[in-house]
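Shown next: final-v2.cif, given as mmCIF, C-alpha atoms.
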data_protein
loop_
_atom_site.label_atom_id
_atom_site.label_comp_id
_atom_site.auth_asym_id
_atom_site.auth_seq_id
_atom_site.Cartn_x
_atom_site.Cartn_y
_atom_site.Cartn_z
CA ALA A 1 18.57 -18.88 -19.33
CA GLN A 2 17.30 -20.54 -16.19
CA SER A 3 14.49 -22.99 -15.62
CA VAL A 4 12.96 -24.57 -12.54
CA THR A 5 11.16 -27.89 -12.29
CA GLN A 6 9.19 -28.90 -9.25
CA LEU A 7 8.89 -32.61 -9.66
CA ASP A 8 5.63 -33.13 -7.78
CA SER A 9 2.48 -31.09 -8.32
CA GLN A 10 0.83 -32.53 -5.19
CA VAL A 11 2.24 -34.26 -2.12
CA PRO A 12 -0.15 -35.83 0.40
CA VAL A 13 1.36 -36.77 3.75
CA PHE A 14 0.11 -37.69 7.20
CA GLU A 15 0.63 -35.38 10.14
CA GLU A 16 3.95 -35.88 11.97
CA ALA A 17 5.47 -37.70 8.97
CA PRO A 18 8.55 -36.35 7.20
CA VAL A 19 8.22 -34.66 3.82
CA GLU A 20 10.47 -33.74 0.92
CA LEU A 21 9.45 -31.39 -1.87
CA ARG A 22 11.72 -31.70 -4.85
CA CYS A 23 13.14 -28.89 -6.98
CA ASN A 24 15.59 -29.16 -9.86
CA TYR A 25 16.95 -26.24 -11.81
CA SER A 26 19.07 -25.59 -14.85
CA SER A 27 21.33 -22.61 -15.40
CA SER A 28 24.48 -21.76 -17.31
CA VAL A 29 25.64 -19.47 -14.49
CA SER A 30 25.78 -19.67 -10.71
CA VAL A 31 22.47 -19.06 -9.01
CA TYR A 32 20.68 -18.01 -5.89
CA LEU A 33 17.85 -20.31 -4.78
CA PHE A 34 14.67 -19.66 -2.82
CA TRP A 35 11.67 -21.50 -1.39
CA TYR A 36 8.44 -19.59 -0.81
CA VAL A 37 5.18 -20.72 0.81
CA GLN A 38 1.70 -19.57 -0.16
CA TYR A 39 -1.36 -20.15 2.04
CA PRO A 40 -4.79 -20.04 0.33
CA ASN A 41 -5.70 -16.65 -1.13
CA GLN A 42 -2.57 -15.03 0.21
CA GLY A 43 0.74 -13.79 -1.10
CA LEU A 44 4.02 -15.65 -0.99
CA GLN A 45 6.26 -15.69 2.07
CA LEU A 46 9.96 -16.52 2.00
CA LEU A 47 10.78 -19.83 3.74
CA LEU A 48 14.50 -19.89 3.11
CA LYS A 49 17.20 -18.93 0.64
CA TYR A 50 20.61 -20.07 -0.53
CA LEU A 51 23.03 -17.36 -1.61
CA SER A 52 26.44 -18.90 -0.82
CA GLY A 53 28.29 -20.80 1.88
CA SER A 54 26.86 -23.82 3.65
CA THR A 55 24.77 -25.96 1.35
CA LEU A 56 22.31 -26.83 4.13
CA VAL A 57 19.97 -23.93 4.68
CA LYS A 58 17.54 -23.66 7.58
CA GLY A 59 14.38 -21.62 7.28
CA ILE A 60 11.25 -20.74 9.19
CA ASN A 61 8.68 -23.21 10.53
CA GLY A 62 11.24 -26.03 10.82
CA PHE A 63 11.95 -26.32 7.09
CA GLU A 64 15.39 -26.84 5.61
CA ALA A 65 16.79 -27.31 2.13
CA GLU A 66 20.03 -28.62 0.71
CA PHE A 67 21.74 -27.15 -2.31
CA ASN A 68 23.33 -29.85 -4.47
CA LYS A 69 25.32 -28.24 -7.24
CA SER A 70 26.29 -31.48 -8.99
CA GLN A 71 22.66 -32.61 -9.18
CA THR A 72 21.34 -29.06 -9.67
CA SER A 73 18.76 -29.60 -6.97
CA PHE A 74 17.40 -27.69 -4.01
CA HIS A 75 14.98 -30.02 -2.23
CA LEU A 76 12.91 -28.80 0.71
CA ARG A 77 12.49 -31.02 3.76
CA LYS A 78 10.74 -31.08 7.10
CA PRO A 79 11.16 -33.96 9.56
CA SER A 80 7.63 -33.77 10.99
CA VAL A 81 4.79 -31.86 9.36
CA HIS A 82 1.74 -30.27 10.93
CA ILE A 83 -1.74 -29.68 9.59
CA SER A 84 -0.84 -25.99 9.41
CA ASP A 85 1.87 -26.75 6.82
CA THR A 86 -0.83 -27.41 4.23
CA ALA A 87 -0.05 -24.84 1.53
CA GLU A 88 1.55 -24.40 -1.87
CA TYR A 89 5.32 -24.23 -2.04
CA PHE A 90 7.31 -22.53 -4.78
CA CYS A 91 10.95 -22.99 -5.67
CA ALA A 92 12.64 -20.01 -7.38
CA VAL A 93 16.03 -19.40 -8.95
CA SER A 94 17.94 -16.25 -9.87
CA PRO A 95 21.32 -15.89 -11.57
CA ASN A 96 23.92 -14.23 -9.37
CA THR A 97 25.23 -12.16 -12.26
CA GLY A 98 22.94 -9.18 -11.79
CA GLY A 99 19.76 -8.04 -13.41
CA PHE A 100 16.28 -9.35 -12.78
CA LYS A 101 15.67 -12.92 -13.91
CA THR A 102 13.95 -14.69 -11.06
CA ILE A 103 12.12 -17.76 -12.33
CA PHE A 104 9.48 -19.55 -10.26
CA GLY A 105 8.56 -23.20 -10.45
CA ALA A 106 4.95 -24.27 -11.01
CA GLY A 107 4.45 -25.04 -7.34
CA THR A 108 3.87 -28.12 -5.18
CA ARG A 109 0.68 -28.41 -3.18
CA LEU A 110 1.34 -30.05 0.20
CA PHE A 111 -1.67 -31.72 1.86
CA VAL A 112 -1.17 -32.73 5.46
CA LYS A 113 -3.78 -35.22 6.65
CA ALA A 114 -4.73 -35.99 10.24
CA ASP B 115 4.58 -2.39 10.35
CA GLY B 116 6.30 -2.31 6.97
CA GLY B 117 4.77 -4.23 4.15
CA ILE B 118 2.99 -4.30 0.83
CA THR B 119 -0.70 -3.52 0.54
CA GLN B 120 -2.77 -4.60 -2.41
CA SER B 121 -6.32 -3.47 -2.96
CA PRO B 122 -8.96 -4.52 -3.51
CA LYS B 123 -8.75 -8.14 -2.41
CA TYR B 124 -11.52 -9.15 -4.82
CA LEU B 125 -12.43 -7.33 -8.04
CA PHE B 126 -15.08 -8.02 -10.63
CA ARG B 127 -14.83 -6.64 -14.13
CA LYS B 128 -17.28 -6.58 -16.97
CA GLU B 129 -16.13 -7.47 -20.44
CA GLY B 130 -14.56 -4.47 -22.18
CA GLN B 131 -13.74 -2.55 -19.03
CA ASN B 132 -10.35 -1.40 -17.81
CA VAL B 133 -9.62 -1.94 -14.13
CA THR B 134 -6.74 -0.78 -11.96
CA LEU B 135 -5.19 -2.81 -9.16
CA SER B 136 -3.45 -0.88 -6.43
CA CYS B 137 -0.08 -1.76 -4.88
CA GLU B 138 1.59 0.32 -2.18
CA GLN B 139 4.74 -0.47 -0.17
CA ASN B 140 6.35 1.26 2.78
CA LEU B 141 9.52 -0.84 2.82
CA ASN B 142 11.52 1.80 0.94
CA HIS B 143 12.26 -0.77 -1.76
CA ASP B 144 13.47 0.40 -5.15
CA ALA B 145 12.17 -2.54 -7.17
CA MET B 146 8.52 -3.53 -7.61
CA TYR B 147 6.89 -6.29 -9.61
CA TRP B 148 3.53 -7.56 -10.83
CA TYR B 149 2.89 -11.27 -11.27
CA ARG B 150 -0.07 -13.20 -12.56
CA GLN B 151 -0.88 -16.58 -10.99
CA ASP B 152 -3.03 -19.21 -12.66
CA PRO B 153 -3.64 -22.70 -11.24
CA GLY B 154 -0.80 -25.08 -12.01
CA GLN B 155 1.29 -22.43 -13.78
CA GLY B 156 3.19 -20.80 -10.98
CA LEU B 157 3.95 -17.09 -11.21
CA ARG B 158 4.42 -15.24 -14.47
CA LEU B 159 5.96 -11.78 -14.56
CA ILE B 160 3.86 -9.02 -16.09
CA TYR B 161 5.93 -5.87 -15.46
CA TYR B 162 8.69 -4.74 -13.15
CA SER B 163 10.18 -1.41 -12.16
CA GLN B 164 13.65 -0.68 -10.86
CA ILE B 165 13.22 3.02 -10.14
CA VAL B 166 10.62 5.75 -10.29
CA ASN B 167 9.41 6.66 -13.79
CA ASP B 168 10.94 3.51 -15.28
CA PHE B 169 9.46 0.08 -15.86
CA GLN B 170 10.11 -2.97 -18.04
CA LYS B 171 7.86 -5.55 -19.67
CA GLY B 172 7.93 -9.05 -18.29
CA ASP B 173 6.94 -12.26 -20.00
CA ILE B 174 3.20 -11.55 -20.37
CA ALA B 175 2.82 -7.75 -20.63
CA GLU B 176 0.27 -7.70 -23.44
CA GLY B 177 -3.05 -6.25 -22.30
CA TYR B 178 -1.57 -4.68 -19.17
CA SER B 179 -0.12 -1.28 -18.32
CA VAL B 180 1.67 0.16 -15.29
CA SER B 181 3.02 3.42 -13.93
CA ARG B 182 5.64 4.27 -11.31
CA GLU B 183 5.20 7.92 -10.40
CA LYS B 184 6.13 7.38 -6.76
CA LYS B 185 8.57 4.97 -5.15
CA GLU B 186 5.82 3.60 -2.93
CA SER B 187 3.23 2.92 -5.61
CA PHE B 188 3.06 0.62 -8.66
CA PRO B 189 -0.52 0.33 -9.94
CA LEU B 190 -1.45 -2.21 -12.61
CA THR B 191 -4.18 -1.57 -15.17
CA VAL B 192 -5.80 -4.57 -16.81
CA THR B 193 -7.10 -3.29 -20.12
CA SER B 194 -9.87 -4.58 -22.34
CA ALA B 195 -7.13 -5.90 -24.65
CA GLN B 196 -6.30 -8.62 -22.10
CA LYS B 197 -8.30 -11.54 -23.43
CA ASN B 198 -8.28 -13.73 -20.34
CA PRO B 199 -7.87 -11.50 -17.30
CA THR B 200 -9.45 -13.76 -14.68
CA ALA B 201 -6.55 -14.64 -12.37
CA PHE B 202 -4.86 -13.96 -9.05
CA TYR B 203 -2.54 -10.94 -9.24
CA LEU B 204 0.41 -10.54 -6.91
CA CYS B 205 2.49 -7.43 -6.33
CA ALA B 206 5.98 -7.73 -4.86
CA SER B 207 8.93 -5.56 -4.00
CA SER B 208 12.61 -6.01 -3.25
CA ILE B 209 15.46 -3.81 -2.06
CA PHE B 210 16.83 -3.68 -5.57
CA VAL B 211 16.28 -5.68 -8.66
CA GLU B 212 19.41 -7.80 -8.55
CA ASN B 213 18.13 -11.14 -7.40
CA THR B 214 17.26 -10.45 -3.80
CA GLU B 215 14.30 -11.98 -2.06
CA ALA B 216 10.91 -10.53 -2.87
CA PHE B 217 8.23 -9.44 -0.41
CA PHE B 218 4.69 -10.08 -1.60
CA GLY B 219 1.32 -8.47 -1.05
CA GLN B 220 -1.79 -10.49 -0.23
CA GLY B 221 -2.98 -10.51 -3.82
CA THR B 222 -6.04 -9.37 -5.77
CA ARG B 223 -8.39 -11.92 -7.30
CA LEU B 224 -9.84 -10.51 -10.52
CA THR B 225 -12.90 -12.11 -12.08
CA VAL B 226 -14.52 -11.17 -15.38
CA VAL B 227 -18.30 -11.34 -15.22
#
Represent the structure from my file as structure tokens, please.
Amino acid sequence: AQSVTQLDSQVPVFEEAPVELRCNYSSSVSVYLFWYVQYPNQGLQLLLKYLSGSTLVKGINGFEAEFNKSQTSFHLRKPSVHISDTAEYFCAVSPNTGGFKTIFGAGTRLFVKA
Amino acid sequence: DGGITQSPKYLFRKEGQNVTLSCEQNLNHDAMYWYRQDPGQGLRLIYYSQIVNDFQKGDIAEGYSVSREKKESFPLTVTSAQKNPTAFYLCASSIFVENTEAFFGQGTRLTVV
């Protein structure tokens, strides 16, 4: 079985500051990892994904994440945030062994302040 | 443009009523999903479907029903047996069920009045 823990429920940050949203997972098999963003009253949109290969993954809107297998983490980072980045961010994990078992974290609400 | 359309965006239900949430996709995806979202709890899977005329229960299927008569459509019925139906409901689809990224609709906010 898989599980996902997003270590911060809320992250306030000033505009143009860097931000890191933390995600840890547990799994007995190899996994695929995803970050999604949700703006208020909207659906989720894929930011980036790790399937294999380079552990540093770049996504849309200037976000990137690094897969760390030894620490079972997949933290999301952005070097300089904008007001428009205010949203909820979800980490998700799926086993790469087939079948449907995508598990979502509880979400991290990012507040960007002027 | 290809995408997933959920309707209505807002829905109000009286106690004891069944209501049906619509989800249509024109992405030619085989797999479709329904999630429930409550504050602070992330997404919880209600039902999913891999192919037409087949669907599987997720983690919180009690009080819900679905059908998959067409590839493009996966409606969700919230029955009177669902004790706490007020929530944000999200429909999603993916190319196939094996762990690929999901594409989400804009959601339906259901409120019991």
Which residue out of A:Gln45, A:Thr5, A:Ser70, A:Ser80 has the minimum interatomic distance to chain B when only C-alpha atoms are used?
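That would be A:Gln45, the residue with the smallest distance to chain B.
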Where does chain B meet chain A within 12 Å, residue by residue, with the nearest atom pair and distance in Å to one decimal for each, counting all atoms listed in the file, listed by chain and rising number, as JSON lines?
{"residue": "B:Gly117", "atom": "CA", "partner": "A:Gly43", "partner_atom": "CA", "distance": 11.6}
{"residue": "B:Ile118", "atom": "CA", "partner": "A:Gly43", "partner_atom": "CA", "distance": 9.9}
{"residue": "B:Thr119", "atom": "CA", "partner": "A:Gly43", "partner_atom": "CA", "distance": 10.5}
{"residue": "B:Gln120", "atom": "CA", "partner": "A:Gly43", "partner_atom": "CA", "distance": 9.9}
{"residue": "B:Lys123", "atom": "CA", "partner": "A:Asn41", "partner_atom": "CA", "distance": 9.1}
{"residue": "B:Tyr124", "atom": "CA", "partner": "A:Asn41", "partner_atom": "CA", "distance": 10.2}
{"residue": "B:Ala145", "atom": "CA", "partner": "A:Phe100", "partner_atom": "CA", "distance": 9.7}
{"residue": "B:Met146", "atom": "CA", "partner": "A:Phe100", "partner_atom": "CA", "distance": 11.0}
{"residue": "B:Tyr147", "atom": "CA", "partner": "A:Phe100", "partner_atom": "CA", "distance": 10.4}
{"residue": "B:Trp148", "atom": "CA", "partner": "A:Gly43", "partner_atom": "CA", "distance": 11.9}
{"residue": "B:Tyr149", "atom": "CA", "partner": "A:Phe104", "partner_atom": "CA", "distance": 10.6}
{"residue": "B:Arg150", "atom": "CA", "partner": "A:Gly43", "partner_atom": "CA", "distance": 11.5}
{"residue": "B:Gln151", "atom": "CA", "partner": "A:Ala106", "partner_atom": "CA", "distance": 9.7}
{"residue": "B:Asp152", "atom": "CA", "partner": "A:Ala106", "partner_atom": "CA", "distance": 9.6}
{"residue": "B:Pro153", "atom": "CA", "partner": "A:Ala106", "partner_atom": "CA", "distance": 8.7}
{"residue": "B:Gly154", "atom": "CA", "partner": "A:Ala106", "partner_atom": "CA", "distance": 5.9}
{"residue": "B:Gln155", "atom": "CA", "partner": "A:Ala106", "partner_atom": "CA", "distance": 4.9}
{"residue": "B:Gly156", "atom": "CA", "partner": "A:Ala106", "partner_atom": "CA", "distance": 3.9}
{"residue": "B:Leu157", "atom": "CA", "partner": "A:Phe104", "partner_atom": "CA", "distance": 6.1}
{"residue": "B:Arg158", "atom": "CA", "partner": "A:Phe104", "partner_atom": "CA", "distance": 7.9}
{"residue": "B:Leu159", "atom": "CA", "partner": "A:Ile103", "partner_atom": "CA", "distance": 8.9}
{"residue": "B:Tyr161", "atom": "CA", "partner": "A:Phe100", "partner_atom": "CA", "distance": 11.2}
{"residue": "B:Tyr162", "atom": "CA", "partner": "A:Phe100", "partner_atom": "CA", "distance": 8.9}
{"residue": "B:Ser163", "atom": "CA", "partner": "A:Phe100", "partner_atom": "CA", "distance": 10.0}
{"residue": "B:Gln164", "atom": "CA", "partner": "A:Phe100", "partner_atom": "CA", "distance": 9.3}
{"residue": "B:Gln170", "atom": "CA", "partner": "A:Phe100", "partner_atom": "CA", "distance": 10.3}
{"residue": "B:Lys171", "atom": "CA", "partner": "A:Phe100", "partner_atom": "CA", "distance": 11.5}
{"residue": "B:Gly172", "atom": "CA", "partner": "A:Lys101", "partner_atom": "CA", "distance": 9.7}
{"residue": "B:Asp173", "atom": "CA", "partner": "A:Lys101", "partner_atom": "CA", "distance": 10.7}
{"residue": "B:Ala201", "atom": "CA", "partner": "A:Asn41", "partner_atom": "CA", "distance": 11.4}
{"residue": "B:Phe202", "atom": "CA", "partner": "A:Asn41", "partner_atom": "CA", "distance": 8.4}
{"residue": "B:Tyr203", "atom": "CA", "partner": "A:Gly43", "partner_atom": "CA", "distance": 9.2}
{"residue": "B:Leu204", "atom": "CA", "partner": "A:Gly43", "partner_atom": "CA", "distance": 6.7}
{"residue": "B:Cys205", "atom": "CA", "partner": "A:Gly43", "partner_atom": "CA", "distance": 8.4}
{"residue": "B:Ala206", "atom": "CA", "partner": "A:Gly43", "partner_atom": "CA", "distance": 8.8}
{"residue": "B:Ser207", "atom": "CA", "partner": "A:Leu44", "partner_atom": "CA", "distance": 11.6}
{"residue": "B:Ser208", "atom": "CA", "partner": "A:Phe100", "partner_atom": "CA", "distance": 10.7}
{"residue": "B:Phe210", "atom": "CA", "partner": "A:Phe100", "partner_atom": "CA", "distance": 9.2}
{"residue": "B:Val211", "atom": "CA", "partner": "A:Phe100", "partner_atom": "CA", "distance": 5.5}
{"residue": "B:Glu212", "atom": "CA", "partner": "A:Gly99", "partner_atom": "CA", "distance": 4.9}
{"residue": "B:Asn213", "atom": "CA", "partner": "A:Ser94", "partner_atom": "CA", "distance": 5.7}
{"residue": "B:Thr214", "atom": "CA", "partner": "A:Ser94", "partner_atom": "CA", "distance": 8.4}
{"residue": "B:Glu215", "atom": "CA", "partner": "A:Leu46", "partner_atom": "CA", "distance": 7.5}
{"residue": "B:Ala216", "atom": "CA", "partner": "A:Leu46", "partner_atom": "CA", "distance": 7.8}
{"residue": "B:Phe217", "atom": "CA", "partner": "A:Gln45", "partner_atom": "CA", "distance": 7.0}
{"residue": "B:Phe218", "atom": "CA", "partner": "A:Gly43", "partner_atom": "CA", "distance": 5.4}
{"residue": "B:Gly219", "atom": "CA", "partner": "A:Gly43", "partner_atom": "CA", "distance": 5.4}
{"residue": "B:Gln220", "atom": "CA", "partner": "A:Gly43", "partner_atom": "CA", "distance": 4.2}
{"residue": "B:Gly221", "atom": "CA", "partner": "A:Gly43", "partner_atom": "CA", "distance": 5.7}
{"residue": "B:Thr222", "atom": "CA", "partner": "A:Asn41", "partner_atom": "CA", "distance": 8.6}
{"residue": "B:Arg223", "atom": "CA", "partner": "A:Asn41", "partner_atom": "CA", "distance": 8.2}
{"residue": "B:Leu224", "atom": "CA", "partner": "A:Asn41", "partner_atom": "CA", "distance": 12.0}
Rounded to one decimal place, report the CA of Arg182 in chain B-CA of Asp168 in chain B distance in Å.
6.7 Å
If you measure from CA of Pro189 in chain B to CA of Lys128 in chain B, what distance in Å do you get, rounded to one decimal?
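Rounded to one decimal, the two atoms are 19.4 Å apart.
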Counting all atoms listed in the file, note down every residue that has an atom within 7 Å of the point (6.0, -1.4, 0.1) (file coordinates), as a short mmCIF file (atom, residue, chain, number, x, y, z; two decimals) with C-alpha atoms, keeping the file's coordinate frame.
data_model
loop_
_atom_site.label_atom_id
_atom_site.label_comp_id
_atom_site.auth_asym_id
_atom_site.auth_seq_id
_atom_site.Cartn_x
_atom_site.Cartn_y
_atom_site.Cartn_z
CA GLY B 116 6.30 -2.31 6.97
CA GLY B 117 4.77 -4.23 4.15
CA ILE B 118 2.99 -4.30 0.83
CA GLU B 138 1.59 0.32 -2.18
CA GLN B 139 4.74 -0.47 -0.17
CA ASN B 140 6.35 1.26 2.78
CA LEU B 141 9.52 -0.84 2.82
CA ASN B 142 11.52 1.80 0.94
CA HIS B 143 12.26 -0.77 -1.76
CA GLU B 186 5.82 3.60 -2.93
CA SER B 207 8.93 -5.56 -4.00
#
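The coordinates place CA of Thr55 in chain A at 22.4 Å from CA of Asp8 in chain A.
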For the structure provided, state which residues fall under the PyMOL selection byres ((chain B and resi 130) around 12), and present them as a list in words.
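This file gives the following for the PyMOL selection byres ((chain B and resi 130) around 12): Arg127, Lys128, Glu129, Gln131, Asn132, Val133, Gly177, Val192, Thr193, Ser194, Ala195, Gln196, Lys197, Asn198, Pro199, Val226 and Val227 of chain B.
Between Thr72 in chain A and the residues A:Tyr25, A:Glu20, A:Phe14, A:Ala1, the shortest atom-to-atom distance, using all atoms listed in the file, involves A:Tyr25.
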Counting all atoms listed in the file, figure out which residue out of A:Asp85, A:Pro18, A:Ala114, A:Phe74 gets nearest to Pro40 in chain A.
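With all atoms listed in the file as the atom set, the closest residue is A:Asp85.
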